[in-house]
file model_35.pdb (PDB, C-alpha atoms)
ATOM      1  CA  MET A   1      23.895  -8.263   7.266
ATOM      2  CA  LYS A   2      20.679  -9.538   8.814
ATOM      3  CA  ALA A   3      17.689 -10.019   6.522
ATOM      4  CA  VAL A   4      14.380 -11.863   6.528
ATOM      5  CA  ALA A   5      13.780 -14.231   3.633
ATOM      6  CA  ILE A   6      10.933 -16.475   2.498
ATOM      7  CA  GLN A   7      12.330 -19.944   3.029
ATOM      8  CA  ARG A   8       8.915 -21.570   2.490
ATOM      9  CA  PHE A   9       5.905 -20.024   0.751
ATOM     10  CA  GLY A  10       2.604 -20.097   2.623
ATOM     11  CA  SER A  11       2.273 -19.259   6.309
ATOM     12  CA  PRO A  12       4.240 -16.504   8.107
ATOM     13  CA  GLU A  13       6.371 -19.216   9.692
ATOM     14  CA  GLY A  14       8.109 -19.529   6.330
ATOM     15  CA  LEU A  15       9.805 -16.176   6.984
ATOM     16  CA  THR A  16      13.269 -16.739   8.445
ATOM     17  CA  VAL A  17      16.049 -14.471   9.685
ATOM     18  CA  THR A  18      19.198 -15.085   7.679
ATOM     19  CA  ASP A  19      22.688 -13.649   7.176
ATOM     20  CA  LEU A  20      23.451 -12.277   3.734
ATOM     21  CA  PRO A  21      26.515 -10.558   2.271
ATOM     22  CA  ASP A  22      26.492  -6.791   2.480
ATOM     23  CA  PRO A  23      25.096  -5.488  -0.830
ATOM     24  CA  VAL A  24      27.156  -3.283  -3.125
ATOM     25  CA  PRO A  25      25.410  -0.653  -5.260
ATOM     26  CA  ALA A  26      25.652  -1.143  -8.992
ATOM     27  CA  ALA A  27      25.637   1.684 -11.499
ATOM     28  CA  GLY A  28      22.612   3.906 -10.900
ATOM     29  CA  GLN A  29      21.909   2.493  -7.442
ATOM     30  CA  VAL A  30      22.285   3.673  -3.860
ATOM     31  CA  LEU A  31      22.825   1.651  -0.703
ATOM     32  CA  ILE A  32      20.643   2.550   2.282
ATOM     33  CA  ALA A  33      21.128   1.709   5.947
ATOM     34  CA  THR A  34      17.485   1.067   6.769
ATOM     35  CA  GLY A  35      15.862   2.890   9.656
ATOM     36  CA  ALA A  36      12.323   1.712   8.892
ATOM     37  CA  ILE A  37      10.840  -0.946   6.609
ATOM     38  CA  GLY A  38       7.210  -0.908   5.498
ATOM     39  CA  VAL A  39       5.220  -4.140   5.751
ATOM     40  CA  GLY A  40       2.708  -4.061   2.926
ATOM     41  CA  GLY A  41      -0.121  -6.154   1.595
ATOM     42  CA  VAL A  42       1.932  -7.048  -1.485
ATOM     43  CA  ASP A  43       4.526  -8.628   0.820
ATOM     44  CA  ALA A  44       1.837 -10.912   2.250
ATOM     45  CA  VAL A  45       0.518 -11.794  -1.206
ATOM     46  CA  ILE A  46       4.023 -12.763  -2.358
ATOM     47  CA  ARG A  47       4.746 -14.680   0.854
ATOM     48  CA  ARG A  48       1.542 -16.706   0.517
ATOM     49  CA  GLY A  49       2.477 -17.644  -3.037
ATOM     50  CA  THR A  50      -0.649 -15.969  -4.448
ATOM     51  CA  VAL A  51       1.453 -14.359  -7.159
ATOM     52  CA  THR A  52       4.364 -16.090  -8.838
ATOM     53  CA  GLY A  53       6.986 -14.915 -11.229
ATOM     54  CA  PRO A  54      10.701 -14.371 -11.809
ATOM     55  CA  GLY A  55      12.501 -13.691  -8.540
ATOM     56  CA  PHE A  56       9.823 -15.226  -6.324
ATOM     57  CA  ALA A  57      11.774 -18.314  -5.369
ATOM     58  CA  GLU A  58      12.658 -19.628  -1.945
ATOM     59  CA  GLY A  59      15.190 -17.287  -0.405
ATOM     60  CA  HIS A  60      13.374 -14.206  -1.717
ATOM     61  CA  VAL A  61      13.720 -11.199   0.611
ATOM     62  CA  PRO A  62      10.385  -9.319   0.605
ATOM     63  CA  GLY A  63       9.845  -5.627   1.215
ATOM     64  CA  SER A  64       9.201  -2.828  -1.280
ATOM     65  CA  GLU A  65       9.894   0.366   0.634
ATOM     66  CA  VAL A  66      12.392   1.525   3.193
ATOM     67  CA  ALA A  67      13.569   4.747   4.776
ATOM     68  CA  GLY A  68      17.021   5.421   6.122
ATOM     69  CA  THR A  69      20.390   6.941   5.308
ATOM     70  CA  VAL A  70      22.324   6.575   2.070
ATOM     71  CA  THR A  71      25.706   5.046   2.869
ATOM     72  CA  ALA A  72      27.137   4.435  -0.612
ATOM     73  CA  VAL A  73      26.366   5.157  -4.248
ATOM     74  CA  GLY A  74      27.069   3.313  -7.466
ATOM     75  CA  HIS A  75      28.713   4.566 -10.633
ATOM     76  CA  GLY A  76      26.979   7.546 -12.180
ATOM     77  CA  VAL A  77      25.138   8.580  -9.002
ATOM     78  CA  ASP A  78      25.756  12.020  -7.495
ATOM     79  CA  PRO A  79      27.945  11.365  -4.409
ATOM     80  CA  SER A  80      26.125  14.157  -2.538
ATOM     81  CA  TRP A  81      23.354  11.622  -1.837
ATOM     82  CA  THR A  82      25.679   9.971   0.697
ATOM     83  CA  GLY A  83      24.604  10.751   4.258
ATOM     84  CA  ARG A  84      21.113  11.957   3.303
ATOM     85  CA  ARG A  85      17.874  10.581   4.772
ATOM     86  CA  VAL A  86      15.667   9.175   2.039
ATOM     87  CA  TRP A  87      12.583   7.129   1.319
ATOM     88  CA  ALA A  88      13.177   4.421  -1.285
ATOM     89  CA  PHE A  89      11.226   1.962  -3.411
ATOM     90  CA  THR A  90      13.273  -1.223  -3.695
ATOM     91  CA  GLY A  91      11.045  -3.014  -6.197
ATOM     92  CA  LEU A  92       9.237  -6.230  -5.293
ATOM     93  CA  GLY A  93      11.819  -7.279  -2.747
ATOM     94  CA  GLY A  94      14.970  -6.535  -0.838
ATOM     95  CA  GLY A  95      13.503  -4.329   1.871
ATOM     96  CA  TYR A  96      13.432  -6.678   4.868
ATOM     97  CA  ALA A  97      17.114  -6.155   5.609
ATOM     98  CA  GLU A  98      19.582  -4.000   7.497
ATOM     99  CA  GLN A  99      20.790  -2.609   4.172
ATOM    100  CA  ALA A 100      18.844  -2.201   0.949
ATOM    101  CA  LEU A 101      19.560  -1.219  -2.634
ATOM    102  CA  ALA A 102      17.382   1.091  -4.701
ATOM    103  CA  PRO A 103      17.618   2.823  -8.089
ATOM    104  CA  VAL A 104      18.521   6.468  -7.601
ATOM    105  CA  GLU A 105      15.387   7.560  -9.493
ATOM    106  CA  GLU A 106      13.276   5.725  -6.891
ATOM    107  CA  ILE A 107      14.590   7.588  -3.838
ATOM    108  CA  LEU A 108      13.313  10.807  -2.351
ATOM    109  CA  PRO A 109      14.833  13.057   0.335
ATOM    110  CA  LEU A 110      12.766  13.234   3.514
ATOM    111  CA  PRO A 111      11.585  16.388   5.279
ATOM    112  CA  ALA A 112      13.302  16.859   8.629
ATOM    113  CA  ASP A 113       9.943  16.712  10.437
ATOM    114  CA  LEU A 114       8.882  13.364   8.912
ATOM    115  CA  SER A 115      10.037  10.189  10.661
ATOM    116  CA  ASP A 116      11.315   7.123   8.851
ATOM    117  CA  ALA A 117       8.302   5.150  10.117
ATOM    118  CA  ASP A 118       5.851   7.734   8.797
ATOM    119  CA  ALA A 119       7.641   7.808   5.449
ATOM    120  CA  VAL A 120       7.259   4.056   4.825
ATOM    121  CA  THR A 121       3.636   4.221   5.946
ATOM    122  CA  LEU A 122       2.796   6.974   3.441
ATOM    123  CA  GLY A 123       5.297   6.462   0.638
ATOM    124  CA  SER A 124       3.622   3.848  -1.540
ATOM    125  CA  SER A 125       0.079   3.898  -0.172
ATOM    126  CA  GLY A 126      -0.392   7.626  -0.673
ATOM    127  CA  VAL A 127       0.728   7.497  -4.295
ATOM    128  CA  VAL A 128      -1.460   4.492  -5.124
ATOM    129  CA  ALA A 129      -4.458   6.138  -3.447
ATOM    130  CA  HIS A 130      -3.918   9.403  -5.344
ATOM    131  CA  PHE A 131      -3.603   7.829  -8.772
ATOM    132  CA  ALA A 132      -6.307   5.216  -8.154
ATOM    133  CA  LEU A 133      -8.812   8.005  -7.507
ATOM    134  CA  ALA A 134      -7.591   9.735 -10.660
ATOM    135  CA  HIS A 135      -7.914   6.432 -12.562
ATOM    136  CA  ALA A 136     -11.535   6.294 -11.383
ATOM    137  CA  HIS A 137     -12.093   9.875 -12.639
ATOM    138  CA  PHE A 138     -13.268  10.845  -9.155
ATOM    139  CA  THR A 139     -14.597  14.396  -8.842
ATOM    140  CA  ALA A 140     -15.856  16.451  -5.925
ATOM    141  CA  GLY A 141     -19.392  15.659  -4.841
ATOM    142  CA  GLU A 142     -19.286  12.004  -5.898
ATOM    143  CA  SER A 143     -19.919   9.147  -3.488
ATOM    144  CA  VAL A 144     -16.972   6.863  -2.746
ATOM    145  CA  LEU A 145     -16.726   3.452  -1.105
ATOM    146  CA  VAL A 146     -13.332   2.161   0.032
ATOM    147  CA  ARG A 147     -13.456  -1.586   0.491
ATOM    148  CA  GLY A 148     -10.861  -2.773   2.999
ATOM    149  CA  ALA A 149     -10.222   0.663   4.447
ATOM    150  CA  ALA A 150      -8.272  -0.239   7.589
ATOM    151  CA  GLY A 151      -4.913  -0.864   5.907
ATOM    152  CA  SER A 152      -2.471   1.873   4.985
ATOM    153  CA  LEU A 153      -3.760   2.079   1.400
ATOM    154  CA  GLY A 154      -7.379   2.324   2.531
ATOM    155  CA  VAL A 155      -6.509   4.899   5.196
ATOM    156  CA  MET A 156      -4.837   7.119   2.596
ATOM    157  CA  THR A 157      -7.664   6.696   0.071
ATOM    158  CA  VAL A 158     -10.205   7.770   2.683
ATOM    159  CA  GLN A 159      -8.197  10.861   3.560
ATOM    160  CA  LEU A 160      -7.582  11.891  -0.049
ATOM    161  CA  ALA A 161     -11.176  11.313  -1.172
ATOM    162  CA  ALA A 162     -12.490  13.275   1.814
ATOM    163  CA  ARG A 163     -10.046  16.099   1.099
ATOM    164  CA  GLY A 164     -11.143  15.967  -2.541
ATOM    165  CA  GLY A 165     -14.740  16.733  -1.565
ATOM    166  CA  ALA A 166     -16.432  13.320  -1.684
ATOM    167  CA  GLY A 167     -20.182  13.743  -1.243
ATOM    168  CA  ALA A 168     -20.304  10.534   0.792
ATOM    169  CA  MET A 169     -17.228   8.698   2.036
ATOM    170  CA  ALA A 170     -18.124   5.111   2.949
ATOM    171  CA  VAL A 171     -15.788   2.389   4.200
ATOM    172  CA  THR A 172     -15.959  -1.309   4.891
ATOM    173  CA  THR A 173     -14.183  -2.515   8.008
ATOM    174  CA  SER A 174     -14.365  -5.255  10.613
ATOM    175  CA  SER A 175     -15.373  -3.430  13.811
ATOM    176  CA  ALA A 176     -17.118  -0.376  15.239
ATOM    177  CA  GLU A 177     -13.841   0.735  16.824
ATOM    178  CA  ARG A 178     -12.119   0.759  13.453
ATOM    179  CA  GLY A 179     -15.106   2.532  11.979
ATOM    180  CA  ASP A 180     -14.765   5.295  14.565
ATOM    181  CA  ARG A 181     -11.099   5.715  13.705
ATOM    182  CA  LEU A 182     -11.931   5.902  10.010
ATOM    183  CA  ARG A 183     -14.577   8.543  10.725
ATOM    184  CA  GLY A 184     -11.788  10.537  12.325
ATOM    185  CA  LEU A 185      -9.933  10.356   9.010
ATOM    186  CA  GLY A 186     -12.883  11.512   6.918
ATOM    187  CA  ALA A 187     -15.321   8.601   6.543
ATOM    188  CA  THR A 188     -19.000   9.535   6.743
ATOM    189  CA  HIS A 189     -20.506   6.026   6.557
ATOM    190  CA  VAL A 190     -19.224   2.790   8.089
ATOM    191  CA  LEU A 191     -20.202  -0.616   6.667
ATOM    192  CA  ASP A 192     -19.290  -4.140   7.684
ATOM    193  CA  ARG A 193     -17.120  -6.352   5.497
ATOM    194  CA  ALA A 194     -20.142  -7.484   3.485
ATOM    195  CA  GLY A 195     -20.977  -3.857   2.728
ATOM    196  CA  ASP A 196     -24.019  -3.684   5.006
ATOM    197  CA  GLY A 197     -24.601  -0.583   7.125
ATOM    198  CA  ASP A 198     -25.745   3.001   6.936
ATOM    199  CA  GLY A 199     -24.249   3.871   3.547
ATOM    200  CA  PRO A 200     -25.874   5.026   0.313
ATOM    201  CA  GLY A 201     -27.603   2.472  -1.865
ATOM    202  CA  SER A 202     -25.077   2.931  -4.660
ATOM    203  CA  TYR A 203     -21.752   4.623  -5.325
ATOM    204  CA  ASP A 204     -20.072   6.586  -8.060
ATOM    205  CA  VAL A 205     -16.640   5.164  -7.213
ATOM    206  CA  VAL A 206     -15.540   1.968  -5.445
ATOM    207  CA  ILE A 207     -11.848   1.571  -4.616
ATOM    208  CA  ASP A 208     -11.274  -2.090  -3.771
ATOM    209  CA  VAL A 209      -8.188  -3.216  -1.859
ATOM    210  CA  VAL A 210      -9.544  -6.705  -1.150
ATOM    211  CA  ALA A 211     -10.854  -8.410  -4.343
ATOM    212  CA  GLY A 212     -11.578 -12.062  -3.417
ATOM    213  CA  ALA A 213     -14.808 -14.024  -3.645
ATOM    214  CA  ASP A 214     -17.090 -11.129  -2.645
ATOM    215  CA  LEU A 215     -15.933  -8.659  -5.288
ATOM    216  CA  PRO A 216     -18.976  -9.242  -7.560
ATOM    217  CA  SER A 217     -21.387  -8.107  -4.835
ATOM    218  CA  PHE A 218     -19.623  -4.745  -4.758
ATOM    219  CA  VAL A 219     -19.925  -4.411  -8.532
ATOM    220  CA  ASP A 220     -23.658  -4.505  -7.827
ATOM    221  CA  ARG A 221     -23.298  -1.397  -5.640
ATOM    222  CA  LEU A 222     -22.167   0.820  -8.516
ATOM    223  CA  GLY A 223     -24.660   3.455  -9.559
ATOM    224  CA  PRO A 224     -25.190   4.702 -13.127
ATOM    225  CA  ASN A 225     -21.795   5.386 -14.732
ATOM    226  CA  GLY A 226     -20.160   3.973 -11.584
ATOM    227  CA  ARG A 227     -16.497   2.961 -11.654
ATOM    228  CA  MET A 228     -14.757   0.273  -9.611
ATOM    229  CA  VAL A 229     -10.973   0.238  -9.424
ATOM    230  CA  ALA A 230      -9.189  -2.737  -7.871
ATOM    231  CA  VAL A 231      -5.871  -1.772  -6.284
ATOM    232  CA  GLY A 232      -5.096  -4.992  -4.410
ATOM    233  CA  ILE A 233      -5.881  -8.684  -4.038
ATOM    234  CA  VAL A 234      -5.257  -9.202  -0.331
ATOM    235  CA  GLY A 235      -8.393 -11.372  -0.269
ATOM    236  CA  GLY A 236      -7.263 -13.437  -3.262
ATOM    237  CA  TYR A 237      -8.474 -13.447  -6.846
ATOM    238  CA  PRO A 238     -12.166 -12.794  -7.626
ATOM    239  CA  PRO A 239     -14.338 -15.457  -9.281
ATOM    240  CA  ALA A 240     -13.383 -16.002 -12.901
ATOM    241  CA  ASP A 241     -16.893 -15.073 -14.056
ATOM    242  CA  PHE A 242     -17.231 -11.810 -12.101
ATOM    243  CA  GLY A 243     -17.463  -9.911 -15.378
ATOM    244  CA  ALA A 244     -20.976 -11.309 -15.763
ATOM    245  CA  ARG A 245     -22.084  -8.828 -13.095
ATOM    246  CA  LEU A 246     -20.849  -5.973 -15.252
ATOM    247  CA  LEU A 247     -22.850  -7.243 -18.203
ATOM    248  CA  ALA A 248     -25.903  -7.736 -16.011
ATOM    249  CA  ALA A 249     -25.672  -4.008 -15.220
ATOM    250  CA  PHE A 250     -25.176  -3.114 -18.892
ATOM    251  CA  ARG A 251     -27.818  -0.355 -18.904
ATOM    252  CA  LYS A 252     -26.076   1.434 -16.030
ATOM    253  CA  SER A 253     -22.810   1.800 -18.000
ATOM    254  CA  VAL A 254     -20.692   0.655 -15.070
ATOM    255  CA  SER A 255     -17.007  -0.166 -15.455
ATOM    256  CA  PHE A 256     -14.255  -2.123 -13.742
ATOM    257  CA  ALA A 257     -10.520  -1.463 -13.897
ATOM    258  CA  THR A 258      -7.349  -2.488 -12.166
ATOM    259  CA  PHE A 259      -4.671  -0.021 -11.168
ATOM    260  CA  SER A 260      -0.957  -0.407 -10.506
ATOM    261  CA  ALA A 261       1.398   2.482  -9.825
ATOM    262  CA  ASP A 262       3.815   0.760 -12.228
ATOM    263  CA  THR A 263       1.838   2.415 -15.026
ATOM    264  CA  VAL A 264       2.608   5.926 -13.727
ATOM    265  CA  ARG A 265       5.834   7.667 -14.721
ATOM    266  CA  VAL A 266       8.427   7.679 -11.952
ATOM    267  CA  SER A 267       8.687  11.476 -12.109
ATOM    268  CA  ASP A 268       4.924  11.823 -11.608
ATOM    269  CA  ARG A 269       4.931   9.397  -8.680
ATOM    270  CA  GLN A 270       7.803  11.232  -7.045
ATOM    271  CA  ALA A 271       6.153  14.625  -7.477
ATOM    272  CA  VAL A 272       2.975  13.443  -5.733
ATOM    273  CA  ARG A 273       4.983  11.638  -3.046
ATOM    274  CA  ALA A 274       7.009  14.764  -2.274
ATOM    275  CA  GLU A 275       3.814  16.809  -1.916
ATOM    276  CA  GLN A 276       2.318  14.194   0.410
ATOM    277  CA  PHE A 277       5.461  13.982   2.551
ATOM    278  CA  ASP A 278       5.408  17.760   2.960
ATOM    279  CA  ALA A 279       1.685  17.692   3.801
ATOM    280  CA  ALA A 280       2.289  14.994   6.425
ATOM    281  CA  ALA A 281       5.182  16.963   7.919
ATOM    282  CA  ARG A 282       2.790  19.928   8.245
ATOM    283  CA  GLY A 283       0.134  17.733   9.864
ATOM    284  CA  GLU A 284      -2.279  17.946   6.932
ATOM    285  CA  LEU A 285      -2.135  14.190   6.193
ATOM    286  CA  ARG A 286      -2.061  11.551   8.898
ATOM    287  CA  SER A 287       0.289   8.603   8.888
ATOM    288  CA  VAL A 288      -1.220   5.680  10.791
ATOM    289  CA  VAL A 289       1.477   3.385  12.161
ATOM    290  CA  HIS A 290      -0.123   0.361  13.784
ATOM    291  CA  GLU A 291       3.031  -0.915  15.482
ATOM    292  CA  VAL A 292       6.811  -0.833  15.196
ATOM    293  CA  LEU A 293       8.499  -4.241  15.510
ATOM    294  CA  PRO A 294      12.107  -5.436  15.264
ATOM    295  CA  LEU A 295      13.098  -6.900  11.901
ATOM    296  CA  GLU A 296      13.310 -10.428  13.311
ATOM    297  CA  GLN A 297       9.633 -10.242  14.235
ATOM    298  CA  ALA A 298       8.543 -10.066  10.586
ATOM    299  CA  PRO A 299       6.654 -13.383  10.997
ATOM    300  CA  LEU A 300       4.624 -11.797  13.814
ATOM    301  CA  ALA A 301       3.856  -8.794  11.625
ATOM    302  CA  HIS A 302       2.544 -11.123   8.909
ATOM    303  CA  ARG A 303       0.488 -13.126  11.397
ATOM    304  CA  LYS A 304      -1.150  -9.901  12.543
ATOM    305  CA  MET A 305      -1.913  -8.962   8.924
ATOM    306  CA  ASP A 306      -3.347 -12.389   8.147
ATOM    307  CA  ALA A 307      -5.543 -12.179  11.262
ATOM    308  CA  GLY A 308      -6.892  -8.765  10.213
ATOM    309  CA  GLU A 309      -5.512  -7.075  13.320
ATOM    310  CA  VAL A 310      -3.644  -4.242  11.620
ATOM    311  CA  PHE A 311      -5.014  -0.701  11.359
ATOM    312  CA  GLY A 312      -2.665   1.316   9.167
ATOM    313  CA  ARG A 313       0.755  -0.220   8.675
ATOM    314  CA  ILE A 314       3.245  -2.267  10.660
ATOM    315  CA  VAL A 315       6.816  -0.997  10.424
ATOM    316  CA  LEU A 316       9.943  -3.076  10.963
ATOM    317  CA  THR A 317      13.196  -1.675  12.308
ATOM    318  CA  PRO A 318      16.599  -3.394  12.024
TER     319      PRO A 318
END
call {"tool": "encode", "arguments": {"input": "model_35.pdb", "output": "structure tokens"}}
result
Amino acid sequence: MKAVAIQRFGSPEGLTVTDLPDPVPAAGQVLIATGAIGVGGVDAVIRRGTVTGPGFAEGHVPGSEVAGTVTAVGHGVDPSWTGRRVWAFTGLGGGYAEQALAPVEEILPLPADLSDADAVTLGSSGVVAHFALAHAHFTAGESVLVRGAAGSLGVMTVQLAARGGAGAMAVTTSSAERGDRLRGLGATHVLDRAGDGDGPGSYDVVIDVVAGADLPSFVDRLGPNGRMVAVGIVGGYPPADFGARLLAAFRKSVSFATFSADTVRVSDRQAVRAEQFDAAARGELRSVVHEVLPLEQAPLAHRKMDAGEVFGRIVLTP
């Protein structure tokens, strides 16, 4: 089968089309003929070499979520899954391929009215956005700032916070055009990347997709009892001493937390995901697909992400 692997960590040019043996599902797994492959921020972070760990060696096939048709099942898996359209979480790799493996507990049947491309645009980002807001103890009437709102995770956080009754829904983004699109999704205030603009002076909740060197300045924007939750590091790690800003605001009782969906039970993630897929099929949630590209153009997709050109999510098709 055709796949895209990281042959050299760093620039997108390190992504290379390669031929791999057809995978065979092990016990508890399913094999999926991919119809759509989500290109996520975590893929870029792994490709750059920002995060390291077991499995992240040269030859690693990135990609965490796919949608397509189950073609085979491993031992112990109900054979009735065969032939069904599903969304699947493949882990921290394996998705950039014509065929992908996934644990059966990490697949979900798709509504007939939801496309494969929409599924991989919503599948992970919607769940992270939902539970990140819960992790921040967000309640109706509170002010929210989404930092780095133009990606699929930011787009979903804006929609869910607006639907949840945010008193002010501010976003940071790179252009007026993107700001207008985010207003159409529920934003009420548009700021530039530095956080300057027409927004409130402080916020109850900051959901940060970016991190990076400027994270401490957004800690400063928390109001009394304000909570910042970091859900990504697409801008790199923050300064090692950023916690000093929290202590400087000691009398405001502000807090900082990270959030990963890995800490949420699979059954809870799948329940929320199913609700969101149904809502999207009814037109109540919007999937924002920036562009659909052939699998072999994965390097182009990553160049577009690195250049900050993507609004929503790029989807690959084999």
call {"tool": "resolve_selection", "arguments": {"input": "model_35.pdb", "expression": "the PyMOL selection byres ((chain A and resi 283-300) around 8)", "output": "PyMOL selection string"}}
result
chain A and resi 3-4+12-17+96-97+117-118+121-122+152+155+159+185+276+279-282+301-304+310-318
call {"tool": "residues_around", "arguments": {"input": "model_35.pdb", "residues": "Asp22 in chain A", "least_positions_apart": "5", "cutoff": "10 Å", "atoms": "all atoms listed in the file", "output": "list in words"}}
result
Met1, Lys2, Leu31, Ala97, Glu98, Gln99 and Ala100 of chain A
call {"tool": "atom_distance", "arguments": {"input": "model_35.pdb", "atom1": "CA of Ile6 in chain A", "atom2": "CA of Gly236 in chain A"}}
result
19.3 Å
call {"tool": "residues_around", "arguments": {"input": "model_35.pdb", "residues": "Tyr203 in chain A", "least_positions_apart": "2", "cutoff": "10 Å", "atoms": "only C-alpha atoms", "output": "ChimeraX atom specification"}}
result
/A:142-145,168-170,199-201,205-206,218-228
call {"tool": "closest_residue", "arguments": {"input": "model_35.pdb", "among": "A:Gly68, A:Val266, A:Ser124, A:Val190", "to": "Gly40 in chain A", "atoms": "all atoms listed in the file"}}
result
A:Ser124
call {"tool": "resolve_selection", "arguments": {"input": "model_35.pdb", "expression": "the PyMOL selection byres ((chain A and resi 208) around 9)", "output": "list in words"}}
result
Leu145, Val146, Arg147, Gly148, Ala149, Gly154, Val206, Ile207, Val209, Val210, Ala211, Leu215, Phe218, Met228, Val229, Ala230, Val231, Gly232 and Ile233 of chain A
call {"tool": "resolve_selection", "arguments": {"input": "model_35.pdb", "expression": "the PyMOL selection byres ((chain A and resi 139) around 12)", "output": "count of residues only"}}
result
23
call {"tool": "atom_distance", "arguments": {"input": "model_35.pdb", "atom1": "CA of Asp306 in chain A", "atom2": "CA of Val86 in chain A"}}
result
29.4 Å
call {"tool": "atom_distance", "arguments": {"input": "model_35.pdb", "atom1": "CA of Ser174 in chain A", "atom2": "CA of Ala194 in chain A"}}
result
9.4 Å
call {"tool": "closest_residue", "arguments": {"input": "model_35.pdb", "among": "A:Leu191, A:Val128, A:Val77, A:Ala240", "to": "Asp262 in chain A", "atoms": "all atoms listed in the file"}}
result
A:Val128
call {"tool": "axis_aligned_box", "arguments": {"input": "model_35.pdb", "around": "range 97-106 of chain A", "padding_each_side": "6 Å", "output": "lines of an AutoDock Vina configuration file"}}
result
center_x = 17.0
center_y = 0.7
center_z = -1.0
size_x = 19.5
size_y = 25.7
size_z = 29.0
call {"tool": "closest_residue", "arguments": {"input": "model_35.pdb", "among": "A:Gly235, A:Gly76, A:Gly63, A:Gly123", "to": "Thr90 in chain A", "atoms": "all atoms listed in the file"}}
result
A:Gly63
